[in-house]
$ cat my_file_33.pdb   # PDB, C-alpha atoms
ATOM      1  CA  MET A 140      30.115  24.697 -82.175  1.00  0.00           C
ATOM      2  CA  PRO A 141      30.298  21.497 -84.230  1.00  0.00           C
ATOM      3  CA  ASN A 142      27.155  20.107 -85.870  1.00  0.00           C
ATOM      4  CA  GLY A 143      25.032  22.882 -84.376  1.00  0.00           C
ATOM      5  CA  PHE A 144      25.444  21.476 -80.865  1.00  0.00           C
ATOM      6  CA  ASN A 145      26.028  24.160 -78.236  1.00  0.00           C
ATOM      7  CA  TYR A 146      28.021  23.001 -75.251  1.00  0.00           C
ATOM      8  CA  ARG A 147      26.137  23.628 -72.027  1.00  0.00           C
ATOM      9  CA  ILE A 148      27.858  25.423 -69.140  1.00  0.00           C
ATOM     10  CA  LEU A 149      26.476  25.717 -65.618  1.00  0.00           C
ATOM     11  CA  VAL A 150      27.618  28.862 -63.782  1.00  0.00           C
ATOM     12  CA  VAL A 151      27.146  28.860 -59.998  1.00  0.00           C
ATOM     13  CA  ASP A 152      27.549  32.075 -57.968  1.00  0.00           C
ATOM     14  CA  ASP A 153      25.563  33.822 -55.254  1.00  0.00           C
ATOM     15  CA  GLU A 154      26.092  37.286 -56.781  1.00  0.00           C
ATOM     16  CA  PRO A 155      23.346  38.020 -59.371  1.00  0.00           C
ATOM     17  CA  ALA A 156      25.524  40.542 -61.242  1.00  0.00           C
ATOM     18  CA  ILE A 157      28.269  37.935 -61.720  1.00  0.00           C
ATOM     19  CA  LEU A 158      25.759  35.350 -62.947  1.00  0.00           C
ATOM     20  CA  LYS A 159      24.284  37.789 -65.455  1.00  0.00           C
ATOM     21  CA  THR A 160      27.680  39.001 -66.708  1.00  0.00           C
ATOM     22  CA  SER A 161      29.155  35.495 -66.909  1.00  0.00           C
ATOM     23  CA  ALA A 162      26.157  34.205 -68.846  1.00  0.00           C
ATOM     24  CA  ALA A 163      26.334  37.118 -71.303  1.00  0.00           C
ATOM     25  CA  ILE A 164      30.075  36.635 -71.902  1.00  0.00           C
ATOM     26  CA  LEU A 165      29.791  32.858 -72.375  1.00  0.00           C
ATOM     27  CA  GLU A 166      26.799  33.178 -74.678  1.00  0.00           C
ATOM     28  CA  THR A 167      28.850  35.404 -77.020  1.00  0.00           C
ATOM     29  CA  LYS A 168      30.957  32.292 -77.696  1.00  0.00           C
ATOM     30  CA  GLY A 169      27.897  30.192 -78.482  1.00  0.00           C
ATOM     31  CA  TYR A 170      27.629  28.303 -75.200  1.00  0.00           C
ATOM     32  CA  GLU A 171      24.243  27.431 -73.750  1.00  0.00           C
ATOM     33  CA  VAL A 172      24.415  28.823 -70.212  1.00  0.00           C
ATOM     34  CA  ARG A 173      22.456  27.720 -67.155  1.00  0.00           C
ATOM     35  CA  THR A 174      22.868  29.553 -63.834  1.00  0.00           C
ATOM     36  CA  ALA A 175      22.400  28.724 -60.168  1.00  0.00           C
ATOM     37  CA  CYS A 176      22.690  30.922 -57.055  1.00  0.00           C
ATOM     38  CA  ASP A 177      24.138  28.252 -54.739  1.00  0.00           C
ATOM     39  CA  GLY A 178      25.040  24.574 -54.514  1.00  0.00           C
ATOM     40  CA  PHE A 179      21.484  23.382 -53.914  1.00  0.00           C
ATOM     41  CA  ALA A 180      20.183  25.292 -56.948  1.00  0.00           C
ATOM     42  CA  ALA A 181      23.085  23.841 -58.967  1.00  0.00           C
ATOM     43  CA  LEU A 182      22.102  20.286 -58.000  1.00  0.00           C
ATOM     44  CA  ALA A 183      18.538  21.042 -59.118  1.00  0.00           C
ATOM     45  CA  GLU A 184      19.927  22.230 -62.485  1.00  0.00           C
ATOM     46  CA  LEU A 185      21.971  19.029 -62.773  1.00  0.00           C
ATOM     47  CA  ARG A 186      18.752  17.034 -62.376  1.00  0.00           C
ATOM     48  CA  ARG A 187      17.263  18.937 -65.324  1.00  0.00           C
ATOM     49  CA  ALA A 188      20.215  18.573 -67.696  1.00  0.00           C
ATOM     50  CA  LEU A 189      23.905  17.774 -67.393  1.00  0.00           C
ATOM     51  CA  PRO A 190      26.339  20.460 -68.533  1.00  0.00           C
ATOM     52  CA  GLU A 191      29.627  19.891 -70.326  1.00  0.00           C
ATOM     53  CA  VAL A 192      31.451  22.221 -67.874  1.00  0.00           C
ATOM     54  CA  ILE A 193      30.646  23.674 -64.446  1.00  0.00           C
ATOM     55  CA  ILE A 194      32.044  27.047 -63.338  1.00  0.00           C
ATOM     56  CA  SER A 195      31.494  27.592 -59.617  1.00  0.00           C
ATOM     57  CA  ASP A 196      32.250  30.157 -56.959  1.00  0.00           C
ATOM     58  CA  LEU A 197      33.565  28.632 -53.737  1.00  0.00           C
ATOM     59  CA  ARG A 198      32.008  30.887 -51.083  1.00  0.00           C
ATOM     60  CA  MET A 199      28.210  30.706 -51.220  1.00  0.00           C
ATOM     61  CA  PRO A 200      25.370  30.412 -48.692  1.00  0.00           C
ATOM     62  CA  ASN A 201      23.368  27.223 -48.111  1.00  0.00           C
ATOM     63  CA  MET A 202      25.820  24.921 -49.912  1.00  0.00           C
ATOM     64  CA  SER A 203      29.329  26.139 -50.627  1.00  0.00           C
ATOM     65  CA  GLY A 204      31.267  25.542 -53.806  1.00  0.00           C
ATOM     66  CA  PHE A 205      33.519  23.121 -51.927  1.00  0.00           C
ATOM     67  CA  GLU A 206      30.511  20.987 -50.969  1.00  0.00           C
ATOM     68  CA  LEU A 207      28.998  21.220 -54.447  1.00  0.00           C
ATOM     69  CA  LEU A 208      32.219  20.187 -56.175  1.00  0.00           C
ATOM     70  CA  SER A 209      32.596  17.234 -53.820  1.00  0.00           C
ATOM     71  CA  VAL A 210      29.107  16.001 -54.774  1.00  0.00           C
ATOM     72  CA  VAL A 211      29.750  16.620 -58.482  1.00  0.00           C
ATOM     73  CA  ARG A 212      33.032  14.690 -58.411  1.00  0.00           C
ATOM     74  CA  ARG A 213      31.328  11.689 -56.795  1.00  0.00           C
ATOM     75  CA  ARG A 214      28.159  11.662 -58.898  1.00  0.00           C
ATOM     76  CA  PHE A 215      29.335  13.162 -62.202  1.00  0.00           C
ATOM     77  CA  PRO A 216      33.096  12.577 -62.448  1.00  0.00           C
ATOM     78  CA  GLN A 217      33.001  13.100 -66.227  1.00  0.00           C
ATOM     79  CA  ILE A 218      32.054  16.802 -65.895  1.00  0.00           C
ATOM     80  CA  PRO A 219      35.065  19.145 -65.768  1.00  0.00           C
ATOM     81  CA  VAL A 220      34.889  21.898 -63.154  1.00  0.00           C
ATOM     82  CA  ILE A 221      36.402  25.390 -62.968  1.00  0.00           C
ATOM     83  CA  ALA A 222      36.461  26.927 -59.475  1.00  0.00           C
ATOM     84  CA  ILE A 223      36.527  30.703 -59.063  1.00  0.00           C
ATOM     85  CA  SER A 224      37.072  32.633 -55.840  1.00  0.00           C
ATOM     86  CA  GLY A 225      38.257  36.018 -54.627  1.00  0.00           C
ATOM     87  CA  GLU A 226      39.256  34.739 -51.190  1.00  0.00           C
ATOM     88  CA  PHE A 227      42.402  32.854 -52.130  1.00  0.00           C
ATOM     89  CA  ASN A 228      45.658  33.911 -53.733  1.00  0.00           C
ATOM     90  CA  SER A 229      46.552  32.821 -57.250  1.00  0.00           C
ATOM     91  CA  HIS A 230      46.950  29.203 -56.134  1.00  0.00           C
ATOM     92  CA  ALA A 231      43.980  26.883 -55.673  1.00  0.00           C
ATOM     93  CA  PRO A 232      43.085  26.210 -52.027  1.00  0.00           C
ATOM     94  CA  THR A 233      44.264  22.930 -50.545  1.00  0.00           C
ATOM     95  CA  GLY A 234      41.799  20.103 -51.024  1.00  0.00           C
ATOM     96  CA  LEU A 235      39.896  21.773 -53.845  1.00  0.00           C
ATOM     97  CA  ILE A 236      38.319  19.196 -56.158  1.00  0.00           C
ATOM     98  CA  ALA A 237      38.416  21.078 -59.459  1.00  0.00           C
ATOM     99  CA  ASP A 238      40.098  20.838 -62.841  1.00  0.00           C
ATOM    100  CA  ALA A 239      41.072  24.522 -62.901  1.00  0.00           C
ATOM    101  CA  PHE A 240      41.101  27.541 -60.583  1.00  0.00           C
ATOM    102  CA  PHE A 241      40.806  31.261 -61.297  1.00  0.00           C
ATOM    103  CA  ARG A 242      40.973  34.104 -58.805  1.00  0.00           C
ATOM    104  CA  LYS A 243      38.091  36.569 -59.249  1.00  0.00           C
ATOM    105  CA  GLY A 244      39.252  39.662 -61.089  1.00  0.00           C
ATOM    106  CA  ASP A 245      42.604  38.115 -62.097  1.00  0.00           C
ATOM    107  CA  TYR A 246      41.669  36.551 -65.427  1.00  0.00           C
ATOM    108  CA  THR A 247      40.358  37.677 -68.798  1.00  0.00           C
ATOM    109  CA  PRO A 248      37.429  36.219 -70.732  1.00  0.00           C
ATOM    110  CA  GLU A 249      39.948  34.913 -73.297  1.00  0.00           C
ATOM    111  CA  GLU A 250      41.798  32.972 -70.577  1.00  0.00           C
ATOM    112  CA  LEU A 251      38.502  31.484 -69.426  1.00  0.00           C
ATOM    113  CA  PHE A 252      37.519  30.555 -73.001  1.00  0.00           C
ATOM    114  CA  ARG A 253      40.901  28.860 -73.522  1.00  0.00           C
ATOM    115  CA  LYS A 254      40.520  26.864 -70.313  1.00  0.00           C
ATOM    116  CA  ILE A 255      36.971  25.794 -71.224  1.00  0.00           C
ATOM    117  CA  ALA A 256      38.131  24.694 -74.693  1.00  0.00           C
ATOM    118  CA  GLU A 257      41.012  22.749 -73.145  1.00  0.00           C
ATOM    119  CA  LEU A 258      38.724  20.998 -70.664  1.00  0.00           C
ATOM    120  CA  LEU A 259      36.222  20.132 -73.388  1.00  0.00           C
ATOM    121  CA  GLU A 260      39.052  18.733 -75.514  1.00  0.00           C
ATOM    122  CA  THR A 261      40.441  16.530 -72.756  1.00  0.00           C
ATOM    123  CA  SER A 262      37.163  15.644 -71.069  1.00  0.00           C
ATOM    124  CA  LEU A 263      36.245  11.998 -70.735  1.00  0.00           C
ATOM    125  CA  ARG A 264      32.744  12.885 -71.866  1.00  0.00           C
ATOM    126  CA  PRO A 265      32.168  12.348 -75.598  1.00  0.00           C
ATOM    127  CA  HIS A 266      32.036  15.530 -77.672  1.00  0.00           C
ATOM    128  CA  ILE A 267      28.608  14.757 -79.080  1.00  0.00           C
ATOM    129  CA  ALA A 268      25.027  15.379 -78.112  1.00  0.00           C
ATOM    130  CA  ARG A 269      23.377  13.095 -75.603  1.00  0.00           C
ATOM    131  CA  PRO A 270      23.736   9.354 -76.199  1.00  0.00           C
ATOM    132  CA  ASP A 271      20.960   7.794 -78.244  1.00  0.00           C
ATOM    133  CA  LYS A 272      21.085   4.426 -76.470  1.00  0.00           C
ATOM    134  CA  ALA A 273      21.073   3.439 -72.821  1.00  0.00           C
ATOM    135  CA  PRO A 274      20.390   0.191 -70.976  1.00  0.00           C
ATOM    136  CA  VAL A 275      16.998  -1.249 -70.165  1.00  0.00           C
ATOM    137  CA  TRP A 276      16.862  -4.255 -67.877  1.00  0.00           C
ATOM    138  CA  ILE A 277      14.501  -6.524 -65.979  1.00  0.00           C
ATOM    139  CA  PRO A 278      15.244  -7.022 -62.254  1.00  0.00           C
ATOM    140  CA  ARG A 279      16.478 -10.462 -61.177  1.00  0.00           C
ATOM    141  CA  ASN A 280      13.311 -11.231 -59.281  1.00  0.00           C
ATOM    142  CA  GLU A 281      11.483 -10.924 -62.630  1.00  0.00           C
ATOM    143  CA  ALA A 282       9.040  -8.399 -61.198  1.00  0.00           C
ATOM    144  CA  ASN A 283       6.645  -6.786 -63.600  1.00  0.00           C
ATOM    145  CA  TYR A 284       8.675  -3.695 -64.287  1.00  0.00           C
ATOM    146  CA  PHE A 285      11.677  -2.529 -66.264  1.00  0.00           C
ATOM    147  CA  VAL A 286      14.479  -0.280 -65.126  1.00  0.00           C
ATOM    148  CA  VAL A 287      15.383   2.282 -67.779  1.00  0.00           C
ATOM    149  CA  THR A 288      18.233   4.773 -67.907  1.00  0.00           C
ATOM    150  CA  CYS A 289      17.442   8.228 -69.265  1.00  0.00           C
ATOM    151  CA  THR A 290      19.478   9.317 -72.285  1.00  0.00           C
ATOM    152  CA  GLY A 291      19.276  12.944 -71.081  1.00  0.00           C
ATOM    153  CA  CYS A 292      20.377  12.897 -67.432  1.00  0.00           C
ATOM    154  CA  LEU A 293      21.649   9.262 -67.283  1.00  0.00           C
ATOM    155  CA  ARG A 294      19.593   8.457 -64.175  1.00  0.00           C
ATOM    156  CA  SER A 295      17.754   5.160 -63.796  1.00  0.00           C
ATOM    157  CA  PHE A 296      14.165   4.606 -62.709  1.00  0.00           C
ATOM    158  CA  SER A 297      11.592   1.820 -62.840  1.00  0.00           C
ATOM    159  CA  VAL A 298       8.728   1.626 -65.328  1.00  0.00           C
ATOM    160  CA  PRO A 299       5.764  -0.683 -64.702  1.00  0.00           C
ATOM    161  CA  ASP A 300       5.269  -3.430 -67.285  1.00  0.00           C
ATOM    162  CA  GLU A 301       1.700  -2.965 -68.457  1.00  0.00           C
ATOM    163  CA  HIS A 302       2.078  -4.497 -71.932  1.00  0.00           C
ATOM    164  CA  SER A 303       2.574  -7.923 -73.391  1.00  0.00           C
ATOM    165  CA  GLY A 304       4.780  -8.877 -76.287  1.00  0.00           C
ATOM    166  CA  SER A 305       7.457  -6.834 -77.913  1.00  0.00           C
ATOM    167  CA  GLU A 306       6.441  -3.298 -78.772  1.00  0.00           C
ATOM    168  CA  LEU A 307       7.797   0.216 -78.707  1.00  0.00           C
ATOM    169  CA  ARG A 308       6.909   2.041 -75.506  1.00  0.00           C
ATOM    170  CA  GLU A 309       7.290   5.605 -74.333  1.00  0.00           C
ATOM    171  CA  THR A 310       7.741   7.211 -70.913  1.00  0.00           C
ATOM    172  CA  LYS A 311       8.956  10.480 -69.381  1.00  0.00           C
ATOM    173  CA  CYS A 312      12.095  10.630 -67.244  1.00  0.00           C
ATOM    174  CA  LEU A 313      11.162  11.201 -63.608  1.00  0.00           C
ATOM    175  CA  PHE A 314      14.144  13.510 -63.122  1.00  0.00           C
ATOM    176  CA  CYS A 315      14.534  15.678 -66.236  1.00  0.00           C
ATOM    177  CA  ASP A 316      11.258  15.078 -68.133  1.00  0.00           C
ATOM    178  CA  THR A 317      13.041  13.757 -71.258  1.00  0.00           C
ATOM    179  CA  THR A 318      10.771  11.592 -73.431  1.00  0.00           C
ATOM    180  CA  ILE A 319      12.226   8.093 -73.623  1.00  0.00           C
ATOM    181  CA  CYS A 320      11.175   5.356 -76.030  1.00  0.00           C
ATOM    182  CA  TYR A 321      12.179   1.797 -75.235  1.00  0.00           C
ATOM    183  CA  LEU A 322      11.686  -1.668 -76.662  1.00  0.00           C
ATOM    184  CA  ALA A 323      11.826  -4.973 -74.791  1.00  0.00           C
ATOM    185  CA  ASP A 324      10.953  -8.578 -75.499  1.00  0.00           C
ATOM    186  CA  LEU A 325       8.974  -9.781 -72.503  1.00  0.00           C
ATOM    187  CA  LYS A 326       8.570 -13.364 -73.694  1.00  0.00           C
ATOM    188  CA  ALA A 327      12.310 -13.865 -73.808  1.00  0.00           C
ATOM    189  CA  LYS A 328      12.793 -11.633 -70.746  1.00  0.00           C
ATOM    190  CA  LYS A 329      15.397  -9.938 -72.838  1.00  0.00           C
ATOM    191  CA  PRO A 330      15.811  -6.158 -72.746  1.00  0.00           C
ATOM    192  CA  ILE A 331      16.597  -4.462 -76.008  1.00  0.00           C
ATOM    193  CA  ARG A 332      17.578  -0.788 -76.059  1.00  0.00           C
ATOM    194  CA  LEU A 333      16.328   2.651 -75.352  1.00  0.00           C
ATOM    195  CA  VAL A 334      15.830   4.711 -78.450  1.00  0.00           C
ATOM    196  CA  ARG A 335      15.317   8.462 -78.666  1.00  0.00           C
TER     197      ARG A 335
END

$ encode --input "my_file_33.pdb" --output "structure tokens"
Amino acid sequence: MPNGFNYRILVVDDEPAILKTSAAILETKGYEVRTACDGFAALAELRRALPEVIISDLRMPNMSGFELLSVVRRRFPQIPVIAISGEFNSHAPTGLIADAFFRKGDYTPEELFRKIAELLETSLRPHIARPDKAPVWIPRNEANYFVVTCTGCLRSFSVPDEHSGSELRETKCLFCDTTICYLADLKAKKPIRLVR
């Protein structure tokens, strides 16, 4: 992987043997692999850290792959998705919101690696580590708090303004626990930037 950065892949499947095997195969290519046993567990993983690619089974308990992929497309449209299922023929099911489809047992690891590489190449997401800058702003009502956007998971949350003047401040992301440093000029009511 370039510059020592390992692309992160989230694999979602309700069969533990498939999760274990998939993770082992993907790790041989240098990917960082996270796993989840259903759609709800996958959403919890997405709160911790965003992957570069999601590989998901379609038939799962609690929250199916169809439901998960619908949520992912709305909330994280920049993340490419590969759907995998043994219940459909070689064509993707109608209405599937995915960038690629494989039928379980009908593809080789090399075909999967090629598809992942292709999706990473054409993805709208930059091919670099997390961004090092994200917005900080003061609400219009000029309340005594800032709203910061995490550079790790890209979610926004409010931070109370307990300081005066312009100084470097630090907080933890409420969603993924990333340490965030930010700088703002309160006198001018002008936000500056988050820094890592």

$ closest_residue --input "my_file_33.pdb" --among "A:Ile157, A:Val298, A:Leu165, A:Ala180" --to "Lys311 (chain A)" --atoms "all atoms listed in the file"
A:Val298

$ resolve_selection --input "my_file_33.pdb" --expression "the PyMOL selection byres ((chain A and resi 218) around 6)" --output "PyMOL selection string"
chain A and resi 191-192+215-217+219

$ closest_residue --input "my_file_33.pdb" --among "A:Glu226, A:Val172, A:Ile164, A:Gly234" --to "Glu184 (chain A)" --atoms "all atoms listed in the file"
A:Val172

$ atom_distance --input "my_file_33.pdb" --atom1 "CA of Asn145 (chain A)" --atom2 "CA of Tyr170 (chain A)"
5.4 Å

$ resolve_selection --input "my_file_33.pdb" --expression "the PyMOL selection byres ((chain A and resi 185-188) around 6)" --output "PyMOL selection string"
chain A and resi 182-184+189+292+314-315

$ residues_near_point --input "my_file_33.pdb" --point "(29.6, 27.2, -55.6)" --cutoff "12 Å" --atoms "all atoms listed in the file" --output "ChimeraX atom specification"
/A:149-154,158,174-182,193-211,220-224,235-237

$ atom_distance --input "my_file_33.pdb" --atom1 "CA of Pro232 (chain A)" --atom2 "CA of Arg173 (chain A)"
25.6 Å

$ atom_distance --input "my_file_33.pdb" --atom1 "CA of Tyr146 (chain A)" --atom2 "CA of Lys254 (chain A)"
14.0 Å

$ resolve_selection --input "my_file_33.pdb" --expression "the PyMOL selection byres ((chain A and resi 310) around 10)" --output "list in words"
Val287, Cys289, Val298, Arg308, Glu309, Lys311, Cys312, Leu313, Asp316, Thr317, Thr318, Ile319, Cys320 and Tyr321 of chain A

$ closest_residue --input "my_file_33.pdb" --among "A:Ile148, A:Gly225, A:Ala156, A:Gly244" --to "Ala256 (chain A)" --atoms "only C-alpha atoms"
A:Ile148

$ residues_around --input "my_file_33.pdb" --residues "Lys168 (chain A)" --least-positions-apart "6" --cutoff "12 Å" --atoms "all atoms listed in the file" --output "list in words"
Met140, Asn145, Tyr146, Arg147, Ile148, Ser161, Ala162, Pro248, Glu249, Leu251, Phe252, Arg253, Ile255 and Ala256 of chain A
